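This is upload-v9.tsv (TSV, C-alpha atoms).
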chain	number	residue	atom	x	y	z
Z	1	MET	CA	-169.47	-34.70	-87.03
Z	2	THR	CA	-168.56	-31.06	-87.31
Z	3	SER	CA	-169.96	-28.27	-89.48
Z	4	SER	CA	-168.10	-26.07	-91.91
Z	5	ARG	CA	-167.65	-23.52	-89.13
Z	6	SER	CA	-164.57	-25.49	-88.13
Z	7	TYR	CA	-162.62	-22.91	-90.15
Z	8	LEU	CA	-163.25	-20.51	-87.27
Z	9	ALA	CA	-160.78	-22.51	-85.16
Z	10	LEU	CA	-158.09	-21.79	-87.74
Z	11	LEU	CA	-158.93	-18.10	-87.85
Z	12	ILE	CA	-159.03	-17.82	-84.07
Z	13	PHE	CA	-155.62	-19.48	-83.81
Z	14	CYS	CA	-153.99	-17.28	-86.45
Z	15	ILE	CA	-155.41	-14.11	-84.89
Z	16	SER	CA	-154.89	-15.02	-81.24
Z	17	VAL	CA	-151.20	-16.01	-81.52
Z	18	PRO	CA	-149.83	-12.55	-82.42
Z	19	ILE	CA	-152.28	-10.95	-79.96
Z	20	ALA	CA	-151.11	-13.27	-77.18
Z	21	PHE	CA	-147.44	-12.61	-77.85
Z	22	GLY	CA	-148.18	-8.90	-78.07
Z	23	ILE	CA	-149.90	-8.90	-74.66
Z	24	THR	CA	-147.11	-10.82	-72.93
Z	25	TYR	CA	-144.54	-8.56	-74.61
Z	26	VAL	CA	-146.24	-5.41	-73.30
Z	27	VAL	CA	-146.67	-6.85	-69.80
Z	28	SER	CA	-143.06	-8.05	-69.58
Z	29	VAL	CA	-141.59	-4.81	-70.93
Z	30	SER	CA	-143.82	-2.72	-68.66
Z	31	ASN	CA	-142.59	-4.67	-65.63
Z	32	GLY	CA	-138.97	-4.34	-66.73
Z	33	ASP	CA	-138.57	-8.10	-67.07
Z	34	ILE	CA	-137.20	-7.87	-70.61
Z	35	PRO	CA	-135.78	-5.13	-72.85
Z	36	ALA	CA	-138.13	-3.64	-75.41
Z	37	PHE	CA	-135.77	-4.23	-78.31
Z	38	PHE	CA	-136.43	-7.65	-79.91
Z	39	PRO	CA	-136.56	-10.18	-77.07
Z	40	TYR	CA	-137.11	-13.84	-77.94
Z	41	ILE	CA	-140.76	-14.84	-78.04
Z	42	SER	CA	-140.30	-17.18	-75.08
Z	43	ASP	CA	-138.70	-14.37	-73.07
Z	44	THR	CA	-141.99	-12.45	-73.16
Z	45	GLY	CA	-143.63	-15.23	-71.15
Z	46	THR	CA	-140.85	-16.24	-68.79
Z	47	LEU	CA	-141.63	-14.33	-65.60
Z	48	PRO	CA	-144.98	-13.83	-63.84
Z	49	PRO	CA	-147.52	-12.42	-64.43
Z	50	ALA	CA	-146.70	-12.63	-68.15
Z	51	SER	CA	-145.81	-16.32	-67.81
Z	52	CYS	CA	-149.35	-17.05	-66.57
Z	53	ILE	CA	-150.88	-15.26	-69.55
Z	54	PHE	CA	-148.41	-16.89	-71.93
Z	55	GLY	CA	-149.10	-20.36	-70.56
Z	56	GLN	CA	-152.87	-19.91	-70.79
Z	57	PHE	CA	-152.76	-18.73	-74.39
Z	58	VAL	CA	-150.36	-21.51	-75.37
Z	59	ASP	CA	-152.65	-24.13	-73.83
Z	60	ILE	CA	-155.60	-22.74	-75.78
Z	61	GLY	CA	-153.48	-22.65	-78.94
Z	62	THR	CA	-152.45	-26.27	-78.39
Z	63	ALA	CA	-156.08	-27.36	-78.19
Z	64	LEU	CA	-156.92	-25.39	-81.34
Z	65	ILE	CA	-154.04	-26.89	-83.32
Z	66	PHE	CA	-155.07	-30.40	-82.31
Z	67	PHE	CA	-158.65	-29.70	-83.39
Z	68	ILE	CA	-157.47	-28.18	-86.68
Z	69	CYS	CA	-155.18	-31.14	-87.42
Z	70	LEU	CA	-157.96	-33.60	-86.58
Z	71	ILE	CA	-160.49	-31.93	-88.87
Z	72	ARG	CA	-157.96	-31.63	-91.66
Z	73	TYR	CA	-156.96	-35.29	-91.30
Z	74	TYR	CA	-160.52	-36.54	-91.75
Z	75	HIS	CA	-161.24	-34.07	-94.52
Z	76	ILE	CA	-158.25	-35.28	-96.53
Z	77	LYS	CA	-159.17	-38.86	-95.67
Z	78	CYS	CA	-162.53	-38.29	-97.37
Z	79	LEU	CA	-160.82	-36.90	-100.46
Z	80	ILE	CA	-158.45	-39.88	-100.55
Z	81	MET	CA	-161.38	-42.30	-100.39
Z	82	SER	CA	-163.31	-40.48	-103.12
Z	83	ARG	CA	-160.35	-40.47	-105.50
Z	84	ARG	CA	-158.93	-43.75	-104.20
Z	85	SER	CA	-155.50	-42.16	-103.86
Z	86	LYS	CA	-153.79	-44.79	-101.72
Z	87	ASN	CA	-150.40	-43.12	-102.13
Z	88	MET	CA	-151.67	-40.14	-100.11
Z	89	ILE	CA	-152.78	-42.18	-97.10
Z	90	ASN	CA	-149.34	-42.21	-95.48
Z	91	TRP	CA	-148.78	-38.52	-96.18
Z	92	ASN	CA	-152.02	-37.74	-94.41
Z	93	LYS	CA	-151.01	-39.89	-91.43
Z	94	PHE	CA	-147.51	-38.40	-91.25
Z	95	SER	CA	-149.00	-34.93	-91.33
Z	96	PHE	CA	-151.33	-35.71	-88.43
Z	97	ILE	CA	-148.44	-37.18	-86.42
Z	98	PHE	CA	-146.29	-34.08	-86.87
Z	99	GLY	CA	-149.27	-31.90	-85.99
Z	100	ASN	CA	-149.55	-33.75	-82.69
Z	101	ILE	CA	-145.81	-33.46	-82.12
Z	102	SER	CA	-146.22	-29.71	-82.50
Z	103	CYS	CA	-149.00	-29.77	-79.89
Z	104	LEU	CA	-146.75	-31.62	-77.45
Z	105	GLY	CA	-143.97	-29.11	-78.06
Z	106	LEU	CA	-146.28	-26.14	-77.49
Z	107	SER	CA	-147.43	-27.64	-74.23
Z	108	LEU	CA	-143.82	-27.94	-73.05
Z	109	VAL	CA	-143.02	-24.37	-74.13
Z	110	GLY	CA	-146.03	-22.96	-72.31
Z	111	ASN	CA	-145.59	-24.86	-69.06
Z	112	PHE	CA	-141.79	-25.01	-68.70
Z	113	GLN	CA	-140.34	-21.52	-68.81
Z	114	PHE	CA	-136.91	-20.78	-70.22
Z	115	THR	CA	-135.46	-19.70	-66.88
Z	116	ASN	CA	-136.93	-22.62	-64.92
Z	117	GLN	CA	-136.48	-25.63	-67.18
Z	118	PHE	CA	-134.13	-24.68	-70.01
Z	119	ILE	CA	-133.74	-28.19	-71.48
Z	120	LEU	CA	-137.46	-29.06	-71.51
Z	121	HIS	CA	-138.32	-25.61	-72.82
Z	122	SER	CA	-135.76	-25.93	-75.63
Z	123	ILE	CA	-137.02	-29.40	-76.54
Z	124	GLY	CA	-140.55	-28.02	-76.63
Z	125	ALA	CA	-139.50	-25.16	-78.91
Z	126	VAL	CA	-137.85	-27.55	-81.36
Z	127	LEU	CA	-140.86	-29.90	-81.34
Z	128	SER	CA	-143.44	-27.11	-81.66
Z	129	PHE	CA	-141.74	-25.06	-84.38
Z	130	GLY	CA	-140.28	-28.08	-86.17
Z	131	GLY	CA	-143.47	-30.12	-85.98
Z	132	LEU	CA	-145.65	-27.27	-87.23
Z	133	PHE	CA	-143.17	-26.47	-90.00
Z	134	ILE	CA	-143.16	-30.07	-91.27
Z	135	TYR	CA	-146.95	-30.30	-90.86
Z	136	ILE	CA	-147.54	-27.22	-92.99
Z	137	ASN	CA	-145.11	-28.40	-95.67
Z	138	ILE	CA	-146.90	-31.74	-95.99
Z	139	GLN	CA	-150.25	-29.95	-96.10
Z	140	ILE	CA	-149.00	-27.73	-98.91
Z	141	TYR	CA	-148.11	-30.86	-100.88
Z	142	ILE	CA	-151.47	-32.49	-100.12
Z	143	SER	CA	-153.38	-29.36	-101.12
Z	144	LYS	CA	-151.52	-29.22	-104.42
Z	145	TYR	CA	-152.33	-32.88	-105.06
Z	146	PHE	CA	-156.05	-32.29	-104.43
Z	147	ALA	CA	-156.06	-28.83	-106.01
Z	148	SER	CA	-159.16	-29.50	-108.14
Z	149	GLU	CA	-161.22	-30.90	-105.25
Z	150	LEU	CA	-160.10	-28.10	-102.91
Z	151	LYS	CA	-160.58	-25.46	-105.61
Z	152	LEU	CA	-157.04	-24.31	-105.00
Z	153	LYS	CA	-155.94	-21.44	-107.21
Z	154	ASN	CA	-152.40	-21.45	-108.52
Z	155	TRP	CA	-151.51	-18.12	-106.88
Z	156	VAL	CA	-152.33	-19.58	-103.46
Z	157	HIS	CA	-149.85	-22.39	-103.99
Z	158	ILE	CA	-147.19	-19.89	-105.11
Z	159	TYR	CA	-147.97	-17.70	-102.09
Z	160	ARG	CA	-147.45	-20.66	-99.77
Z	161	LEU	CA	-144.21	-21.72	-101.40
Z	162	VAL	CA	-142.76	-18.21	-101.22
Z	163	PHE	CA	-143.66	-17.72	-97.57
Z	164	ILE	CA	-142.57	-21.20	-96.51
Z	165	CYS	CA	-139.20	-20.60	-98.20
Z	166	LEU	CA	-138.84	-17.27	-96.39
Z	167	SER	CA	-139.76	-18.92	-93.10
Z	168	THR	CA	-137.13	-21.61	-93.71
Z	169	ILE	CA	-134.48	-18.96	-94.24
Z	170	SER	CA	-135.61	-17.10	-91.12
Z	171	SER	CA	-135.49	-20.30	-89.05
Z	172	ILE	CA	-131.96	-21.11	-90.20
Z	173	ILE	CA	-130.73	-17.56	-89.51
Z	174	SER	CA	-132.35	-17.54	-86.07
Z	175	SER	CA	-130.85	-20.90	-85.09
Z	176	ILE	CA	-127.33	-20.07	-86.28
Z	177	PHE	CA	-127.18	-16.67	-84.61
Z	178	LEU	CA	-128.76	-18.01	-81.42
Z	179	VAL	CA	-125.83	-20.39	-80.97
Z	180	ILE	CA	-123.33	-17.64	-81.81
Z	181	SER	CA	-124.92	-15.08	-79.47
Z	182	PHE	CA	-125.15	-17.52	-76.56
Z	183	SER	CA	-121.50	-18.52	-77.00
Z	184	LYS	CA	-120.43	-14.86	-76.93
Z	185	PHE	CA	-122.70	-13.67	-74.13
Z	186	ASP	CA	-120.80	-12.27	-71.15
Z	187	GLY	CA	-123.59	-10.47	-69.32
Z	188	GLU	CA	-125.36	-11.41	-66.10
Z	189	ASP	CA	-128.86	-12.20	-67.34
Z	190	ARG	CA	-129.87	-13.51	-70.79
Z	191	LEU	CA	-133.32	-11.95	-70.30
Z	192	GLN	CA	-131.66	-8.54	-70.10
Z	193	TRP	CA	-129.46	-8.32	-73.18
Z	194	LYS	CA	-127.70	-4.97	-73.35
Z	195	PRO	CA	-125.98	-3.34	-76.34
Z	196	THR	CA	-122.74	-3.50	-74.36
Z	197	ASP	CA	-122.97	-7.31	-73.95
Z	198	SER	CA	-120.91	-9.45	-76.29
Z	199	GLY	CA	-123.09	-11.13	-78.89
Z	200	PHE	CA	-125.80	-8.46	-78.71
Z	201	VAL	CA	-125.93	-7.93	-82.49
Z	202	GLU	CA	-126.16	-11.67	-83.09
Z	203	HIS	CA	-128.89	-11.86	-80.43
Z	204	VAL	CA	-130.98	-9.22	-82.20
Z	205	ILE	CA	-130.56	-10.97	-85.55
Z	206	SER	CA	-131.60	-14.28	-83.99
Z	207	SER	CA	-134.59	-12.99	-82.02
Z	208	SER	CA	-135.95	-10.82	-84.85
Z	209	SER	CA	-135.61	-13.77	-87.25
Z	210	GLU	CA	-137.58	-15.91	-84.79
Z	211	TRP	CA	-140.45	-13.41	-84.81
Z	212	VAL	CA	-140.40	-13.32	-88.60
Z	213	PHE	CA	-140.34	-17.13	-88.79
Z	214	VAL	CA	-143.41	-17.50	-86.56
Z	215	LEU	CA	-145.38	-14.75	-88.30
Z	216	LEU	CA	-144.63	-16.24	-91.72
Z	217	LEU	CA	-145.81	-19.68	-90.58
Z	218	ILE	CA	-149.04	-18.13	-89.30
Z	219	MET	CA	-149.58	-16.40	-92.63
Z	220	VAL	CA	-149.16	-19.71	-94.46
Z	221	PHE	CA	-151.42	-21.44	-91.94
Z	222	ALA	CA	-154.11	-18.80	-92.48
Z	223	SER	CA	-154.12	-19.49	-96.22
Z	224	PHE	CA	-155.89	-22.81	-95.54
Z	225	THR	CA	-158.99	-21.00	-94.28
Z	226	ASN	CA	-160.79	-21.20	-97.61
Z	227	GLU	CA	-160.22	-24.96	-97.76
Z	228	PHE	CA	-161.73	-25.36	-94.31
Z	229	LYS	CA	-164.74	-23.30	-95.39
Z	230	GLN	CA	-165.48	-25.95	-98.02
Z	231	ILE	CA	-165.97	-28.62	-95.36
Z	232	GLU	CA	-169.67	-29.31	-95.00
Z	233	SER	CA	-169.24	-32.12	-92.49
Z	234	VAL	CA	-166.64	-34.60	-91.35
Z	235	LYS	CA	-167.37	-37.97	-89.78
Z	236	PHE	CA	-164.88	-39.18	-87.20
Z	237	ASN	CA	-164.59	-42.86	-88.04
Step by step, read the file and then write its structure as structure tokens.
Amino acid sequence: MTSSRSYLALLIFCISVPIAFGITYVVSVSNGDIPAFFPYISDTGTLPPASCIFGQFVDIGTALIFFICLIRYYHIKCLIMSRRSKNMINWNKFSFIFGNISCLGLSLVGNFQFTNQFILHSIGAVLSFGGLFIYINIQIYISKYFASELKLKNWVHIYRLVFICLSTISSIISSIFLVISFSKFDGEDRLQWKPTDSGFVEHVISSSSEWVFVLLLIMVFASFTNEFKQIESVKFN
């Protein structure tokens, strides 16, 4: 059983992620490992000592996401039982599965750096971002369904839809221009993109869109804080 203070896990996650990326960015730029102008998020944690900090924060974030998904799963399960909404059972299960997929992806991203294990790192990025994106979308639907029980105001739902749409656009832009920039790149080191390198403009568009995508997802994620505050207790059974 857990108290209503479980919402603190959500707040800690949403606050710590940008702080963590900010720290690894500063460390990597200060050491000359990456350029200061819009590197990819993963680039900020590729080389030591930033990679050590990045990996530690990602591991903590993975644990927090798992805890958040677990609490949310049992909270929604209680609402399903009280309303006897059998059609929401599978949605709740699917959501929990994708939340765990995101955790697996984050673990791969944090422990297999881009320059060391490109394939595993890329798989982890797809699983983490994709899993979390799908998880949040399902949770938006579930929250709308149980709007009265969760005391969800209409503006919150609109806020989530707007930001999730913007994050979708950002993700698509980032993915498309990543492929284009990599195909054009003619430099020596992808961690050190220079304005004179072919594909530099596309690289900047891709990397900046990635930052926007992640920040937008965090902002949507944070909007569930009030729903977590309503949890008095959850029994794990």
Q: Quick one: everything within 10 Å of stretch 199-205 of chain Z, counting all atoms listed in the file, minus sequence neighbours fewer than 3 positions away in the same chain. Send it as a list in words.
A: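 Within the cut-off, the hits are Phe37, Phe38, Pro39, Tyr40, Ser170, Ile173, Ser174, Ser175, Ile176, Phe177, Leu178, Val179, Ile180, Ser181, Phe182, Ser183, Lys184, Phe185, Asp186, Gly187, Arg190, Trp193, Lys194, Pro195, Thr196, Ser208, Ser209 and Glu210 of chain Z.
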(Q) Could you list, as a PyMOL selection string, every residue within 12 Å of Z:Ser128, counting only C-alpha atoms and ignoring same-chain residues fewer than 4 positions away? (A) chain Z and resi 58+61-62+65+98-110+120-124+132-135+214+217
(Q) Residues near stretch 158-165 of chain Z, anyone? I mean within 7 Å using only C-alpha atoms, not counting same-chain ones fewer than 2 positions away, as an MDAnalysis selection string. (A) chainID Z and resid 154:156 167:169 216:217 220
(Q) Show me, as a ChimeraX atom specification, the residues that have an atom within 8 Å of stretch 76-78 of chain Z when counting all atoms listed in the file, minus same-chain residues fewer than 4 positions from it. (A) /Z:72,82,89,92
(Q) One decimal, in Å: what's the spacing between atom CA of Z:His157 and atom CA of Z:Val126? (A)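 Straight-line distance from atom CA of Z:His157 to atom CA of Z:Val126 works out to 26.1 Å.
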Q.
I want to know what sits within 6 Å of stretch 6-15 of chain Z, based on all atoms listed in the file, with residues of the same chain fewer than 6 positions away left out; could you give that as a PyMOL selection string?
A. chain Z and resi 218+225+228-229
Output file for the residues above (C-alpha atoms, as a short mmCIF file (atom, residue, chain, number, x, y, z; two decimals), in the coordinates of the input):
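And here is the file that came out, selection_2.cif:
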data_model
loop_
_atom_site.label_atom_id
_atom_site.label_comp_id
_atom_site.auth_asym_id
_atom_site.auth_seq_id
_atom_site.Cartn_x
_atom_site.Cartn_y
_atom_site.Cartn_z
CA ILE Z 218 -149.04 -18.13 -89.30
CA THR Z 225 -158.99 -21.00 -94.28
CA PHE Z 228 -161.73 -25.36 -94.31
CA LYS Z 229 -164.74 -23.30 -95.39
#
Q) atom CA of Z:Asn87 and atom CA of Z:Glu149 are how many Å apart? A) 16.6 Å
Q.
Would you compute the distance between atom CA of Z:Leu79 and atom CA of Z:Gly131? Give it in Å to one decimal.
A.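 Atom CA of Z:Gly131 lies at a distance of 23.6 Å from atom CA of Z:Leu79.
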Centre and edge lengths, as JSON, for the axis-aligned box enclosing every listed atom of stretch 196-201 of chain Z with 4 Å of padding on each of the six sides, in Å to one decimal?
{"center_x": -123.4, "center_y": -7.3, "center_z": -78.2, "size_x": 13.0, "size_y": 15.6, "size_z": 16.5}
Q. With all atoms listed in the file as the atoms that count, which of Z:Leu191, Z:Ile172, Z:Ile68, Z:Ile23 lies nearest to Z:Ala222?
A.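 The closest residue to Z:Ala222 is Z:Ile68.
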Q. Between Z:Ile136, Z:Ile231, Z:Ala147, Z:Ile41, which is the closest to Z:Met219 once you count only C-alpha atoms?
A.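 Checking each candidate against Z:Met219, we get Z:Ile136 as the closest.
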Q: Go through Z:His75, Z:Ser30, Z:Asn111, Z:Arg5 and flag the residue nearest Z:Gln56, using all atoms listed in the file for the distances.
A: Z:Asn111
Q.
With distances taken over only C-alpha atoms, which residue among Z:Trp91, Z:Cys69, Z:Phe112, Z:Tyr74 lies nearest Z:Gly55?
A.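 The answer is Z:Phe112, which sits nearest to Z:Gly55.
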